[in-house]
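These notes concern the structure reproduced below.
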Amino acid sequence: MQADWEIKSRGHNCSVTEHEFQPGEFFFTMLVREGEGFRREDLCEEAWKTRNENIQPFSFWRSRYEPPPAQPKEPLPKDDAESLLRRLIADNDTSLGNVRYILALMLERKRVLRPVESQDVDMLVYEHIATGEILVLTNPHLSLQDIPAIQKEVSVLLADAVGGS
């Protein structure tokens with residue numbers, strides 16, 4: 001089974017020219033397979049036009065740059081769906097792939113994650129809307145009959161995470 005990856009956040013400069021992105025400026029992001037993982041590159045439009053066409057990205061998209069909002073300090077860290085998903089990705093326990101998938105769907109519905117098109121039907125690519133981070137998950141190809149049991153498992157994990165903090 002393929003692993004899930006968390007890929008670095010959106011860059012603030014072009015990976016090629018080092019041009020600093022300005023608010024509202026369009027840029028391209030591409031994911032390139034590198035060994036067992038992925039490498040993210042954010043390119044200004046000029047670098048995108050002049051890139052090496054022989055390098056075929058796993059996935060790419062055009063976005064409008066928005067600087068990250070100032071993060072308010074949180075008095076106590078909370079373990080919600082997003083932090084649970086991050087922890088499960090870091091743990092990389094293959095038996096929890098279905099749980100990671102349901103958590104990603106929950107975050108997509110809450111407009112925390114945005115799906116990005118992928119050429120590989122066995123991989124799901126999500127972009128964190130606020131930070132630009134990329135999450136790559138294995139697609140478990142669940143049937144509708146599987147979902148209720150997994151939702152219960154997610155609920156238990158979230159209740160344990162919140163209760164345990």
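Scheme for the structure tokens: letters A, B, ... for chains in order shown; per-chain residue numbers from 1; ligand numbers from 1 in order shown.
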
Range 60-146 of chain A near range 20-44 of chain A within 8 Å: what's each residue's closest atom pair and its distance in Å to one decimal, counting only C-alpha atoms, ordered by chain then ascending residue number, as a Markdown table?
```
| residue | atom | partner | partner_atom | distance |
| --- | --- | --- | --- | --- |
| A:Phe60 | CA | A:Met30 | CA | 4.1 |
| A:Trp61 | CA | A:Thr29 | CA | 5.5 |
| A:Arg62 | CA | A:Phe28 | CA | 4.4 |
| A:Ser63 | CA | A:Phe26 | CA | 5.6 |
| A:Arg64 | CA | A:Phe26 | CA | 4.4 |
| A:Tyr65 | CA | A:Gly24 | CA | 5.3 |
| A:Glu66 | CA | A:Pro23 | CA | 5.0 |
| A:Pro67 | CA | A:Pro23 | CA | 6.3 |
```

Self-check item: alpha helix (DSSP H) call set, DSSP backbone run, chain A, as a ChimeraX atom specification
Solution: /A:45-49,81-91,97-109,147-164

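Among the candidates A:Ser9, A:Thr17, A:Gln151, A:Gln56, the residue lying nearest to Ile102 in chain A is A:Gln151 (atoms considered: only C-alpha atoms).
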
Quiz item: Restricting the calculation to only C-alpha atoms, which member of A:Leu107, A:Leu137, A:Leu85, A:Leu157 is positioned closest to Asp120 in chain A?
Solution: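 Between A:Leu107, A:Leu137, A:Leu85, A:Leu157, the residue approaching Asp120 in chain A most closely is A:Leu137.
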
Quiz item: Using only C-alpha atoms, which residues sit within 9 Å of Thr138 in chain A once same-chain residues fewer than 2 positions away are excluded, as a ChimeraX atom specification?
Solution: /A:1-4,97-98,100-101,122-125,136,140-141

Could you save those same residues with N, CA and C atoms as a compact mmCIF listing (two decimals), in the first residue's frame?
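Dumped to result11.txt:
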```
# COMPACT_ATOMS: atom_id res chain seq x y z
N MET A 1 0.84 -1.17 0.00
CA MET A 1 0.00 0.00 0.00
C MET A 1 0.89 1.24 0.00
N GLN A 2 0.47 2.27 -0.72
CA GLN A 2 1.24 3.50 -0.79
C GLN A 2 1.10 4.30 0.50
N ALA A 3 2.12 5.07 0.83
CA ALA A 3 2.11 5.89 2.03
C ALA A 3 1.42 7.22 1.76
N ASP A 4 1.06 7.93 2.83
CA ASP A 4 0.49 9.26 2.73
C ASP A 4 1.60 10.25 3.06
N GLY A 97 -5.73 4.22 7.08
CA GLY A 97 -5.92 4.95 5.83
C GLY A 97 -7.35 5.40 5.62
N ASN A 98 -8.32 4.54 5.99
CA ASN A 98 -9.73 4.91 5.86
C ASN A 98 -10.08 6.08 6.77
N ARG A 100 -7.99 8.42 7.84
CA ARG A 100 -7.38 9.63 7.27
C ARG A 100 -8.26 10.17 6.14
N TYR A 101 -8.80 9.28 5.34
CA TYR A 101 -9.65 9.67 4.22
C TYR A 101 -10.91 10.39 4.73
N ASP A 122 -5.31 6.34 -7.41
CA ASP A 122 -5.07 5.76 -6.10
C ASP A 122 -4.52 6.77 -5.10
N MET A 123 -4.33 8.00 -5.53
CA MET A 123 -3.81 9.05 -4.65
C MET A 123 -4.77 10.23 -4.65
N LEU A 124 -4.96 10.83 -3.48
CA LEU A 124 -5.79 12.03 -3.34
C LEU A 124 -4.87 13.16 -2.90
N VAL A 125 -4.99 14.30 -3.57
CA VAL A 125 -4.16 15.46 -3.25
C VAL A 125 -5.08 16.56 -2.72
N VAL A 136 -1.02 14.47 0.63
CA VAL A 136 -1.25 13.42 -0.35
C VAL A 136 -1.65 12.17 0.42
N PRO A 140 -8.69 5.12 -0.49
CA PRO A 140 -9.09 3.77 -0.07
C PRO A 140 -10.22 3.18 -0.90
N HIS A 141 -10.80 3.96 -1.82
CA HIS A 141 -11.88 3.48 -2.68
C HIS A 141 -12.99 2.83 -1.85
```

Check the DSSP output for the backbone and give back, as a short mmCIF file (atom, residue, chain, number, x, y, z; two decimals) with N, CA and C atoms, in the first residue's frame, the residues of chain A in strand (DSSP E or B).
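Everything below was put into out-v1.cif:
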```
data_model
loop_
_atom_site.label_atom_id
_atom_site.label_comp_id
_atom_site.auth_asym_id
_atom_site.auth_seq_id
_atom_site.Cartn_x
_atom_site.Cartn_y
_atom_site.Cartn_z
N TRP A 5 1.57 11.41 2.41
CA TRP A 5 2.62 12.40 2.61
C TRP A 5 2.04 13.75 2.95
N GLU A 6 2.76 14.46 3.79
CA GLU A 6 2.48 15.87 4.01
C GLU A 6 3.61 16.62 3.32
N ILE A 7 3.25 17.51 2.45
CA ILE A 7 4.24 18.22 1.65
C ILE A 7 4.31 19.66 2.14
N ASN A 13 8.15 32.65 -2.30
CA ASN A 13 9.02 33.06 -3.40
C ASN A 13 8.97 31.99 -4.48
N GLU A 20 9.76 37.32 -5.09
CA GLU A 20 8.83 37.30 -3.95
C GLU A 20 7.41 37.53 -4.46
N PHE A 26 -0.73 35.73 -9.45
CA PHE A 26 -0.93 34.33 -9.81
C PHE A 26 0.41 33.62 -9.88
N PHE A 27 0.42 32.35 -9.48
CA PHE A 27 1.61 31.52 -9.56
C PHE A 27 1.16 30.08 -9.79
N PHE A 28 2.09 29.21 -10.15
CA PHE A 28 1.79 27.81 -10.39
C PHE A 28 2.47 26.96 -9.32
N THR A 29 1.78 25.91 -8.90
CA THR A 29 2.34 24.92 -7.99
C THR A 29 2.37 23.60 -8.73
N MET A 30 3.49 22.90 -8.60
CA MET A 30 3.55 21.57 -9.19
C MET A 30 4.16 20.61 -8.19
N LEU A 31 3.64 19.39 -8.21
CA LEU A 31 4.19 18.30 -7.41
C LEU A 31 4.92 17.38 -8.35
N VAL A 32 6.16 17.05 -7.98
CA VAL A 32 6.99 16.18 -8.79
C VAL A 32 7.35 14.97 -7.94
N ARG A 33 7.16 13.77 -8.48
CA ARG A 33 7.57 12.55 -7.75
C ARG A 33 9.07 12.59 -7.58
N GLU A 34 9.49 12.29 -6.35
CA GLU A 34 10.91 12.28 -6.04
C GLU A 34 11.16 11.11 -5.11
N GLY A 37 8.58 9.92 -2.40
CA GLY A 37 7.70 11.02 -2.00
C GLY A 37 7.47 12.01 -3.12
N PHE A 38 7.15 13.24 -2.73
CA PHE A 38 6.86 14.30 -3.66
C PHE A 38 7.64 15.55 -3.26
N ARG A 39 7.99 16.34 -4.27
CA ARG A 39 8.63 17.63 -4.05
C ARG A 39 7.67 18.68 -4.59
N ARG A 40 7.48 19.75 -3.81
CA ARG A 40 6.61 20.84 -4.23
C ARG A 40 7.46 21.98 -4.75
N GLU A 41 7.02 22.56 -5.86
CA GLU A 41 7.66 23.75 -6.40
C GLU A 41 6.59 24.78 -6.71
N ASP A 42 6.79 26.01 -6.24
CA ASP A 42 5.91 27.13 -6.55
C ASP A 42 6.66 28.01 -7.54
N LEU A 43 6.03 28.27 -8.69
CA LEU A 43 6.71 28.99 -9.77
C LEU A 43 5.92 30.24 -10.16
N CYS A 44 6.64 31.36 -10.33
CA CYS A 44 5.98 32.55 -10.86
C CYS A 44 5.58 32.24 -12.31
N SER A 59 1.14 16.49 -10.45
CA SER A 59 -0.04 17.33 -10.39
C SER A 59 0.42 18.78 -10.45
N PHE A 60 -0.41 19.66 -11.02
CA PHE A 60 -0.08 21.09 -11.00
C PHE A 60 -1.36 21.90 -11.05
N TRP A 61 -1.28 23.14 -10.58
CA TRP A 61 -2.43 24.04 -10.59
C TRP A 61 -1.96 25.48 -10.47
N ARG A 62 -2.84 26.39 -10.81
CA ARG A 62 -2.57 27.82 -10.76
C ARG A 62 -3.36 28.39 -9.58
N SER A 63 -2.71 29.23 -8.79
CA SER A 63 -3.34 29.83 -7.60
C SER A 63 -3.05 31.31 -7.55
N ARG A 64 -3.81 31.99 -6.73
CA ARG A 64 -3.56 33.40 -6.45
C ARG A 64 -2.89 33.47 -5.08
N LEU A 113 -9.64 22.09 3.68
CA LEU A 113 -8.86 21.47 2.62
C LEU A 113 -9.61 21.62 1.29
N ARG A 114 -8.82 21.74 0.22
CA ARG A 114 -9.40 21.82 -1.11
C ARG A 114 -8.79 20.69 -1.94
N PRO A 115 -9.63 19.87 -2.60
CA PRO A 115 -9.07 18.79 -3.43
C PRO A 115 -8.39 19.37 -4.66
N VAL A 116 -7.30 18.74 -5.05
CA VAL A 116 -6.54 19.13 -6.23
C VAL A 116 -6.52 17.92 -7.15
N MET A 123 -4.33 8.00 -5.53
CA MET A 123 -3.81 9.05 -4.65
C MET A 123 -4.77 10.23 -4.65
N LEU A 124 -4.96 10.83 -3.48
CA LEU A 124 -5.79 12.03 -3.34
C LEU A 124 -4.87 13.16 -2.90
N VAL A 125 -4.99 14.30 -3.57
CA VAL A 125 -4.16 15.46 -3.25
C VAL A 125 -5.08 16.56 -2.72
N TYR A 126 -4.72 17.10 -1.55
CA TYR A 126 -5.47 18.19 -0.95
C TYR A 126 -4.54 19.35 -0.66
N GLU A 127 -5.06 20.57 -0.83
CA GLU A 127 -4.31 21.77 -0.46
C GLU A 127 -5.01 22.40 0.74
N HIS A 128 -4.24 22.73 1.78
CA HIS A 128 -4.79 23.43 2.94
C HIS A 128 -5.05 24.86 2.48
N ILE A 134 0.32 20.91 1.22
CA ILE A 134 -0.23 19.85 0.39
C ILE A 134 -0.22 18.55 1.18
N LEU A 135 -1.34 17.86 1.17
CA LEU A 135 -1.45 16.54 1.79
C LEU A 135 -1.76 15.55 0.67
N VAL A 136 -1.02 14.47 0.63
CA VAL A 136 -1.25 13.42 -0.35
C VAL A 136 -1.65 12.17 0.42
N LEU A 137 -2.85 11.67 0.12
CA LEU A 137 -3.39 10.50 0.82
C LEU A 137 -3.65 9.38 -0.16
N THR A 138 -3.57 8.17 0.33
CA THR A 138 -3.95 7.02 -0.45
C THR A 138 -5.47 6.98 -0.54
#
```

Practice problem: Quick one: pull the distance between CA of Glu108 in chain A and CA of Cys14 in chain A, Å, one decimal. | Solution: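 Interatomic distance, CA of Glu108 in chain A to CA of Cys14 in chain A: 27.2 Å.
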
Quiz item: Got a sec: who's within 9 Å of Glu82 in chain A, counting only C-alpha atoms, leaving out chain neighbours fewer than 2 positions off, as a list of chain:residue names?
Solution: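 Neighbouring residues, sequence-local ones excluded: A:Asp79, A:Asp80, A:Leu84, A:Leu85, A:Arg86, A:Arg87, A:Leu103, A:Ala104, A:Leu107, A:Val112.
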
Write out, as an mmCIF file, in the first residue's frame, the residues just selected, with N, CA and C atoms.
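Ended up saving to again.cif:
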```cif
data_model
loop_
_atom_site.group_PDB
_atom_site.id
_atom_site.type_symbol
_atom_site.label_atom_id
_atom_site.label_comp_id
_atom_site.auth_asym_id
_atom_site.auth_seq_id
_atom_site.Cartn_x
_atom_site.Cartn_y
_atom_site.Cartn_z
ATOM 1 N N ASP A 79 -6.844 19.243 19.959
ATOM 2 C CA ASP A 79 -6.666 18.147 19.020
ATOM 3 C C ASP A 79 -7.989 17.956 18.296
ATOM 4 N N ASP A 80 -8.146 18.617 17.177
ATOM 5 C CA ASP A 80 -9.369 18.541 16.395
ATOM 6 C C ASP A 80 -9.134 17.649 15.176
ATOM 7 N N LEU A 84 -5.641 15.808 14.301
ATOM 8 C CA LEU A 84 -5.687 14.342 14.303
ATOM 9 C C LEU A 84 -5.233 13.804 12.941
ATOM 10 N N LEU A 85 -5.692 14.426 11.860
ATOM 11 C CA LEU A 85 -5.264 13.997 10.524
ATOM 12 C C LEU A 85 -3.753 14.144 10.381
ATOM 13 N N ARG A 86 -3.203 15.271 10.823
ATOM 14 C CA ARG A 86 -1.756 15.488 10.732
ATOM 15 C C ARG A 86 -0.993 14.418 11.530
ATOM 16 N N ARG A 87 -1.502 14.111 12.726
ATOM 17 C CA ARG A 87 -0.843 13.099 13.555
ATOM 18 C C ARG A 87 -0.897 11.726 12.895
ATOM 19 N N LEU A 103 -11.365 11.879 7.635
ATOM 20 C CA LEU A 103 -10.966 13.164 8.224
ATOM 21 C C LEU A 103 -10.726 14.207 7.128
ATOM 22 N N ALA A 104 -10.078 13.800 6.042
ATOM 23 C CA ALA A 104 -9.844 14.732 4.934
ATOM 24 C C ALA A 104 -11.168 15.190 4.327
ATOM 25 N N LEU A 107 -12.696 17.767 6.579
ATOM 26 C CA LEU A 107 -12.012 19.057 6.442
ATOM 27 C C LEU A 107 -12.303 19.707 5.092
ATOM 28 N N VAL A 112 -11.554 23.616 4.878
ATOM 29 C CA VAL A 112 -10.190 23.726 5.390
ATOM 30 C C VAL A 112 -9.234 23.178 4.335
#
```
